Amino acid sequence: MISLKNVSYRYVGSKSDSIADFSMELSSGKIVGLLGANGAGKSTLLYLISGLLKAKSGDVDVNGYNPWDRSPEFLSQIFLVPEEIDLPAISLDAYVKAYSPFYPNFSEESLKEALFHFNLSSEIHLGALSMGQRKKAFLAFALACHTPVLLMDEPTNGLDIPGKSEFRKAVVKTMNDERTIIISTHQVRDLDQLLDHVTIMDNKGIKLDDSIANLQEKFVFGLAPVLPENGVIWSEPVMGGYAFMKMRTPDQPETEVNLEALFNYIYSNKQ
Amino acid sequence: MEKLNSKFSSKRFSDLMKAEFAVNKSNYIKLVIGVIGVFAAVALLISISAIIDINSLEHVSHLTGRSFEEAVKFKQSSHSNAYFGLSIVILSVGLTIIGSLTFSNLASKRQRISALMIPASQIEKFILRFIIYSIGGVISLLIGFFIGIGIIQIAYGGGALVINNITYYIEDFSISGTTAWILLALSGNSLYALGSSLWPKISWIKTWVIISAIEWLGAICLFFIASLHVVWKPFFMYLDDHIIGMIWTCIAALAIMNIACWVFAWVRYSKIQIIQRFMTK
């Protein structure tokens with residue numbers, strides 16, 4: 001369980017809070033997509049949850065731990081994949097031997113499986129990899145640690161097209177009911193069919209916090225050459241017609257959630 | 001017990017140490033080779049100079065009225081003194097450089113994330129840095145110093161004279177004086193380690209500038225105050241006795257300063273956040 005109550009944070013030198021009086025609760029067993037515009041405070045939120053920043057006010061609780069205490073027990077239960085990773089120029093084997101003892105649930109099997117998904121050998125040297133390959137290797141290690149909380153900041157940045165699809169498969173493989181995975185991203189299309197919960201935020205708080213199942217029940221997303229006449233709450237011209245979003249009526253079949261449409265709808269509506 | 005284990009566990013500390021050496025092994029090897037290389041280079045230059053000097057003695061010894069053996073001993077001694085003097089300078093500067101590296105791997109946001117997210121306590125991570133950059137720094141400098149002595153001994157037999165110099169200075173300065181010198185050298189390490197915790201990027205230069213500024217400011221203030229309140233008269237002849245009387249006060253002050261630097265570095269380190277505009281840029 002991750003809980004933030006009335007949390008505020010302001011960067012040194014900034015005139016306004018990056019996150020102001022922010023509250024949210026997340027239960028385990030979810031893959032949460034954390035969406036927001038630039039400067040909405042998504043990365044700040046991840047840093048507050050992982051204890052890398054100290055909230056100016058409010059309470060942060062992660063599975064009963066105060067992250068700012070940075071206790072070894074807490075740190076062994078959380079893994080953060082930052083947007084820009086820092087990997088030493090050593091072999092993957094040496095890296096795994098160095099850091100896996102800190103994570104009690106680390107699985108060599110999962111690592112091999114994730115590496116296989118990413119088309120990487122287990123005998124690679126981290127110093128000899130491209131940026132995308134380094135990210136894949138780091139993601140494979142992060143997934144293999146099986147920490148109850150896994151935070152990822154723009155994990156698909158720098159991944160090639162097959163890498164993005166393999167990333168989704170690898171995440172699903174390591175998911176279980178005790179685990180919470182939070183993925184902060186702008187690349188919403190990369191997370192298609194991966195998320196089971198969406199949180200859209202700005203720096204004043206949460207604008208939407210709902211499960212994908214509920215969103216599918218509430219809204220219909222579609223593409224049409226001509227904009228439907230009734231019930232459209234958001235639309236955008238695209239090649240060959242319109243992408244649209246409308247309220248769903250019980251007789252309509254459920255559709256896949258178009259995260260980009262949902263995000264634009266939420267951000268265009270101040271309600 | 002559980003709380004203590006949360007702060008410090010020998011198993012976790014040993015894992016942390018293994019991880020640190022696995023990841024930064026090549027950097028530490030380069031640092032030790034660099035330290036040994038500096039001492040070896042100085043020892044080699046002094047040895048070459050000593051051998052050239054000694055070889056030319058036959059032509060000049062009759063002019064000075066000394067016997068050849070006496071002249072050789074004199075030359076050996078002066079070259080060994082030069083190595084000893086230069087070594088003191090290298091040791092002092094080396095300790096400040098190594099001290100300034102203590103928190104150098106926290107210079108960027110990426111590095112801070114990767115260091116702070118390792119599942120070990122903050123005190124374990126701090127103690128490891130202290131061991132590597134303070135104790136390890138002293139040990140590597142001493143190894144370099146003694147390797148230099150070995151080179152000098154092999155080259156012209158002057159190594160024993162350097163050892164004699166050490167014992168001579170210890171006797172001359174007494175135990176208290178020597179302790180004060182050692183603490184003074186160590187305070188260079190701890191001051192620069194504190195500087196490194198405050199500004200990890202280009203730490204040595206920033207710390208040097210600030211210490212120099214404080215020293216100059218202090219000297220100017222002291223001179224100004226002294227010029228207002230002190231009647232100048234020849235009192236310098238009493239200064240030595242006065243300082244000797246104060247030596248234990250100096251030792252206490254230096255010991256406190258060393259401890260205080262590490263304590264402040266710990267306070268700073270324990271509260272470090274990944275984004276802190278002040279001091280990290």
# chains A, B, ... in the order shown; residues from 1 in each chain; ligands from 1

call {"tool": "closest_atom_pairs", "arguments": {"of": "chain B", "to": "chain A", "cutoff": "10 Å", "atoms": "only C-alpha atoms", "output": "CSV"}}
result
residue,atom,partner,partner_atom,distance
B:Lys3,CA,A:Ser71,CA,10.0
B:Asn5,CA,A:Pro72,CA,9.5
B:Ser6,CA,A:Pro72,CA,6.5
B:Lys7,CA,A:Ser71,CA,7.6
B:Phe8,CA,A:Pro72,CA,9.3
B:Ser9,CA,A:Pro72,CA,9.8
B:Lys11,CA,A:Pro101,CA,10.0
B:Arg12,CA,A:Phe102,CA,7.6
B:Asp15,CA,A:Pro101,CA,7.1
B:Leu16,CA,A:Ala98,CA,8.0
B:Met17,CA,A:Ala98,CA,9.2
B:Lys18,CA,A:Ala98,CA,6.5
B:Ala19,CA,A:Ala98,CA,4.3
B:Glu20,CA,A:Ala98,CA,7.9
B:Phe21,CA,A:Ala98,CA,8.8
B:Ala22,CA,A:Ala98,CA,6.4
B:Val23,CA,A:Pro88,CA,6.1
B:Asn24,CA,A:Pro88,CA,7.9
B:Lys25,CA,A:Ile90,CA,9.6
B:Ser26,CA,A:Ala89,CA,9.6
B:Ser108,CA,A:Asp86,CA,9.7
B:Lys109,CA,A:Glu84,CA,9.1
B:Arg110,CA,A:Asp86,CA,5.7
B:Gln111,CA,A:Asp86,CA,6.2
B:Arg112,CA,A:Leu52,CA,8.7
B:Ile113,CA,A:Leu52,CA,7.2
B:Ser114,CA,A:Asp86,CA,6.6
B:Ala115,CA,A:Asp86,CA,9.6
B:Leu116,CA,A:Leu52,CA,7.3
B:Met117,CA,A:Leu75,CA,6.3
B:Ile118,CA,A:Leu75,CA,6.8
B:Pro119,CA,A:Leu75,CA,4.6
B:Ala120,CA,A:Pro72,CA,4.6
B:Ser121,CA,A:Pro72,CA,5.2
B:Gln122,CA,A:Arg70,CA,7.5
B:Glu124,CA,A:Pro72,CA,9.9
B:Ser270,CA,A:Arg70,CA,9.5
B:Lys271,CA,A:Lys54,CA,8.9
B:Ile272,CA,A:Leu52,CA,8.2
B:Gln273,CA,A:Leu53,CA,5.2
B:Ile274,CA,A:Leu52,CA,5.7
B:Ile275,CA,A:Leu53,CA,7.5
B:Gln276,CA,A:Val12,CA,6.6
B:Arg277,CA,A:Val12,CA,6.2
B:Phe278,CA,A:Val12,CA,7.6

call {"tool": "write_last_selection", "arguments": {"atoms": "N, CA and C atoms", "output": "tab-separated table (two decimals), in the first residue's frame"}}
result
chain	number	residue	atom	x	y	z
B	3	LYS	N	16.62	-2.81	15.79
B	3	LYS	CA	16.84	-1.41	15.39
B	3	LYS	C	18.32	-1.20	15.05
B	5	ASN	N	20.38	-3.50	14.06
B	5	ASN	CA	20.63	-4.21	12.82
B	5	ASN	C	20.17	-3.39	11.61
B	6	SER	N	19.13	-2.58	11.85
B	6	SER	CA	18.64	-1.72	10.78
B	6	SER	C	19.64	-0.63	10.46
B	7	LYS	N	20.40	-0.21	11.49
B	7	LYS	CA	21.41	0.84	11.29
B	7	LYS	C	22.72	0.25	10.78
B	8	PHE	N	23.12	-0.89	11.39
B	8	PHE	CA	24.40	-1.47	10.99
B	8	PHE	C	24.35	-2.99	11.05
B	9	SER	N	24.64	-3.62	9.96
B	9	SER	CA	24.73	-5.08	9.93
B	9	SER	C	26.04	-5.44	9.25
B	11	LYS	N	26.94	-8.16	7.86
B	11	LYS	CA	26.71	-8.88	6.59
B	11	LYS	C	26.45	-7.86	5.46
B	12	ARG	N	25.56	-6.89	5.79
B	12	ARG	CA	25.21	-5.90	4.77
B	12	ARG	C	26.42	-5.02	4.44
B	15	ASP	N	28.64	-6.86	2.18
B	15	ASP	CA	28.06	-6.85	0.82
B	15	ASP	C	28.29	-5.50	0.14
B	16	LEU	N	28.12	-4.44	0.94
B	16	LEU	CA	28.29	-3.08	0.42
B	16	LEU	C	29.73	-2.86	-0.04
B	17	MET	N	30.65	-3.35	0.78
B	17	MET	CA	32.07	-3.19	0.46
B	17	MET	C	32.41	-3.97	-0.82
B	18	LYS	N	31.88	-5.20	-0.90
B	18	LYS	CA	32.14	-6.02	-2.10
B	18	LYS	C	31.57	-5.32	-3.33
B	19	ALA	N	30.35	-4.78	-3.20
B	19	ALA	CA	29.72	-4.09	-4.34
B	19	ALA	C	30.55	-2.88	-4.74
B	20	GLU	N	31.00	-2.11	-3.74
B	20	GLU	CA	31.78	-0.90	-4.03
B	20	GLU	C	33.06	-1.25	-4.79
B	21	PHE	N	33.75	-2.31	-4.34
B	21	PHE	CA	35.00	-2.67	-5.01
B	21	PHE	C	34.76	-3.32	-6.36
B	22	ALA	N	33.62	-4.02	-6.49
B	22	ALA	CA	33.32	-4.62	-7.80
B	22	ALA	C	33.05	-3.53	-8.83
B	23	VAL	N	32.35	-2.49	-8.40
B	23	VAL	CA	31.93	-1.43	-9.32
B	23	VAL	C	33.07	-0.44	-9.59
B	24	ASN	N	33.81	-0.09	-8.54
B	24	ASN	CA	34.83	0.96	-8.69
B	24	ASN	C	36.27	0.45	-8.62
B	25	LYS	N	36.43	-0.87	-8.79
B	25	LYS	CA	37.76	-1.47	-8.67
B	25	LYS	C	38.80	-0.74	-9.52
B	26	SER	N	38.47	-0.50	-10.78
B	26	SER	CA	39.47	0.09	-11.68
B	26	SER	C	39.84	1.51	-11.22
B	108	SER	N	26.41	13.96	-9.71
B	108	SER	CA	25.25	14.14	-10.61
B	108	SER	C	24.01	13.49	-10.02
B	109	LYS	N	22.86	13.89	-10.55
B	109	LYS	CA	21.58	13.35	-10.07
B	109	LYS	C	21.54	11.83	-10.27
B	110	ARG	N	22.01	11.38	-11.43
B	110	ARG	CA	22.03	9.94	-11.72
B	110	ARG	C	22.85	9.18	-10.67
B	111	GLN	N	24.03	9.76	-10.36
B	111	GLN	CA	24.91	9.09	-9.41
B	111	GLN	C	24.28	9.07	-8.01
B	112	ARG	N	23.62	10.18	-7.66
B	112	ARG	CA	22.99	10.23	-6.33
B	112	ARG	C	21.87	9.20	-6.24
B	113	ILE	N	21.09	9.06	-7.31
B	113	ILE	CA	20.00	8.07	-7.28
B	113	ILE	C	20.61	6.69	-7.08
B	114	SER	N	21.62	6.37	-7.86
B	114	SER	CA	22.14	5.01	-7.76
B	114	SER	C	22.82	4.76	-6.42
B	115	ALA	N	23.46	5.77	-5.83
B	115	ALA	CA	24.11	5.56	-4.52
B	115	ALA	C	23.08	5.48	-3.39
B	116	LEU	N	22.08	6.36	-3.44
B	116	LEU	CA	21.13	6.42	-2.32
B	116	LEU	C	20.14	5.26	-2.33
B	117	MET	N	19.93	4.65	-3.49
B	117	MET	CA	18.93	3.57	-3.56
B	117	MET	C	19.51	2.19	-3.19
B	118	ILE	N	20.81	2.12	-2.94
B	118	ILE	CA	21.38	0.82	-2.53
B	118	ILE	C	20.81	0.47	-1.16
B	119	PRO	N	20.25	-0.73	-1.01
B	119	PRO	CA	19.63	-1.09	0.27
B	119	PRO	C	20.64	-1.34	1.41
B	120	ALA	N	21.26	-0.27	1.84
B	120	ALA	CA	22.12	-0.31	3.03
B	120	ALA	C	21.81	0.98	3.79
B	121	SER	N	22.17	1.00	5.08
B	121	SER	CA	21.84	2.21	5.85
B	121	SER	C	22.79	3.34	5.46
B	122	GLN	N	22.37	4.56	5.75
B	122	GLN	CA	23.19	5.72	5.42
B	122	GLN	C	24.51	5.66	6.18
B	124	GLU	N	26.15	3.02	7.15
B	124	GLU	CA	27.04	2.02	6.54
B	124	GLU	C	27.72	2.61	5.30
B	270	SER	N	23.74	12.52	5.48
B	270	SER	CA	22.52	11.82	5.93
B	270	SER	C	21.26	12.54	5.45
B	271	LYS	N	21.40	13.84	5.12
B	271	LYS	CA	20.23	14.60	4.69
B	271	LYS	C	20.23	14.90	3.20
B	272	ILE	N	21.14	14.27	2.50
B	272	ILE	CA	21.27	14.61	1.07
B	272	ILE	C	20.00	14.18	0.31
B	273	GLN	N	19.56	15.06	-0.58
B	273	GLN	CA	18.43	14.75	-1.46
B	273	GLN	C	18.98	14.74	-2.88
B	274	ILE	N	18.22	14.16	-3.79
B	274	ILE	CA	18.82	14.05	-5.12
B	274	ILE	C	18.85	15.37	-5.87
B	275	ILE	N	17.95	16.27	-5.49
B	275	ILE	CA	17.99	17.57	-6.16
B	275	ILE	C	18.19	18.65	-5.11
B	276	GLN	N	19.38	19.23	-5.12
B	276	GLN	CA	19.65	20.33	-4.19
B	276	GLN	C	20.45	21.34	-4.98
B	277	ARG	N	19.80	22.38	-5.36
B	277	ARG	CA	20.48	23.34	-6.24
B	277	ARG	C	21.73	23.91	-5.57
B	278	PHE	N	21.58	24.32	-4.30
B	278	PHE	CA	22.69	24.93	-3.58
B	278	PHE	C	23.73	23.86	-3.27

call {"tool": "closest_residue", "arguments": {"among": "B:Tyr156, B:Phe74, B:Trp208, B:Trp262", "to": "Leu44 in chain B", "atoms": "only C-alpha atoms"}}
result
B:Tyr156

call {"tool": "select_by_dssp", "arguments": {"residues": "range 24-240 of chain A", "states": "alpha helix (DSSP H)", "output": "number ranges by chain"}}
result
A: 42-49, 72-75, 92-99, 108-117, 131-144, 161-174, 212-218

call {"tool": "residues_around", "arguments": {"residues": "Leu120 in chain A", "least_positions_apart": "2", "cutoff": "10 Å", "atoms": "only C-alpha atoms", "output": "PyMOL selection string"}}
result
chain A and resi 112-118+122-124+133-134+136-137+140

call {"tool": "residues_around", "arguments": {"residues": "range 248-250 of chain B", "least_positions_apart": "5", "cutoff": "9 Å", "atoms": "only C-alpha atoms", "output": "PyMOL selection string"}}
result
chain B and resi 176-177+180+243+255
